[in-house]
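So the structure is just underneath, and the comments pick up after that.
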Amino acid sequence: MKFTYWLFISLFMVITAQAADKIILSEKSNSSVAERKTSEERGKKLHDSECISCHTPKSYISKDHKVKDFAHLNTFVQMCATNLDKSWFEEDVADVANYLNTEYYKFPIKTE
Ligand code: HEC
């Protein structure tokens, strides 16, 4: 009876130790810096593959460009993506807007 009890306990401990190892491993791989890209980097990639056919950077920095602030920029990115039938996630739109803002528009970003 006592033996079975200890066997059970040690088995339980081995299993929990393995589970903990797996959690630690997955946390490590998630935070691997080499794999991570910033929002701007992902935005640039998306923009360069999907949007550059109609837009040269000049469209963004010309004096009469239409976008007036950061929220407006998001709206335009969303509008062009929708027009092109891209089913972008909100995150994709945000990445491209971040990229365009960092690179060209340079609007202050409100963080509330
Ligand atoms: C088929 C051509 C075309 C493609 C491809 C396209 N756009 Fe546009 N985009 C336009 C046109 C035309 C306008 C001007 C709209 C207007 O003047 O009302 C515009 C305007 C914009 C503006 C506002 C520019 C300003 O005046 O400041 C942004 C930002 C923009 N697009 C982002 C994007 C993004 C991001 C993509 C990729 C998803 C994209 N566009 C792809 C045609 C395109």
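Lettering and numbering for the structure tokens are positional, with chains as A, B, ... in the shown order, residues counted from 1 in each chain, and ligands counted from 1 in the shown order.
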**Prompt:** Do you know which residues are within 9 Å of ligand 1 using only C-alpha atoms and all ligand atoms? Can you write them as a ChimeraX atom specification?
**Reply:** /A:43,46-55,59-62,64-68,72-84,86,88,93,96-97,100,105
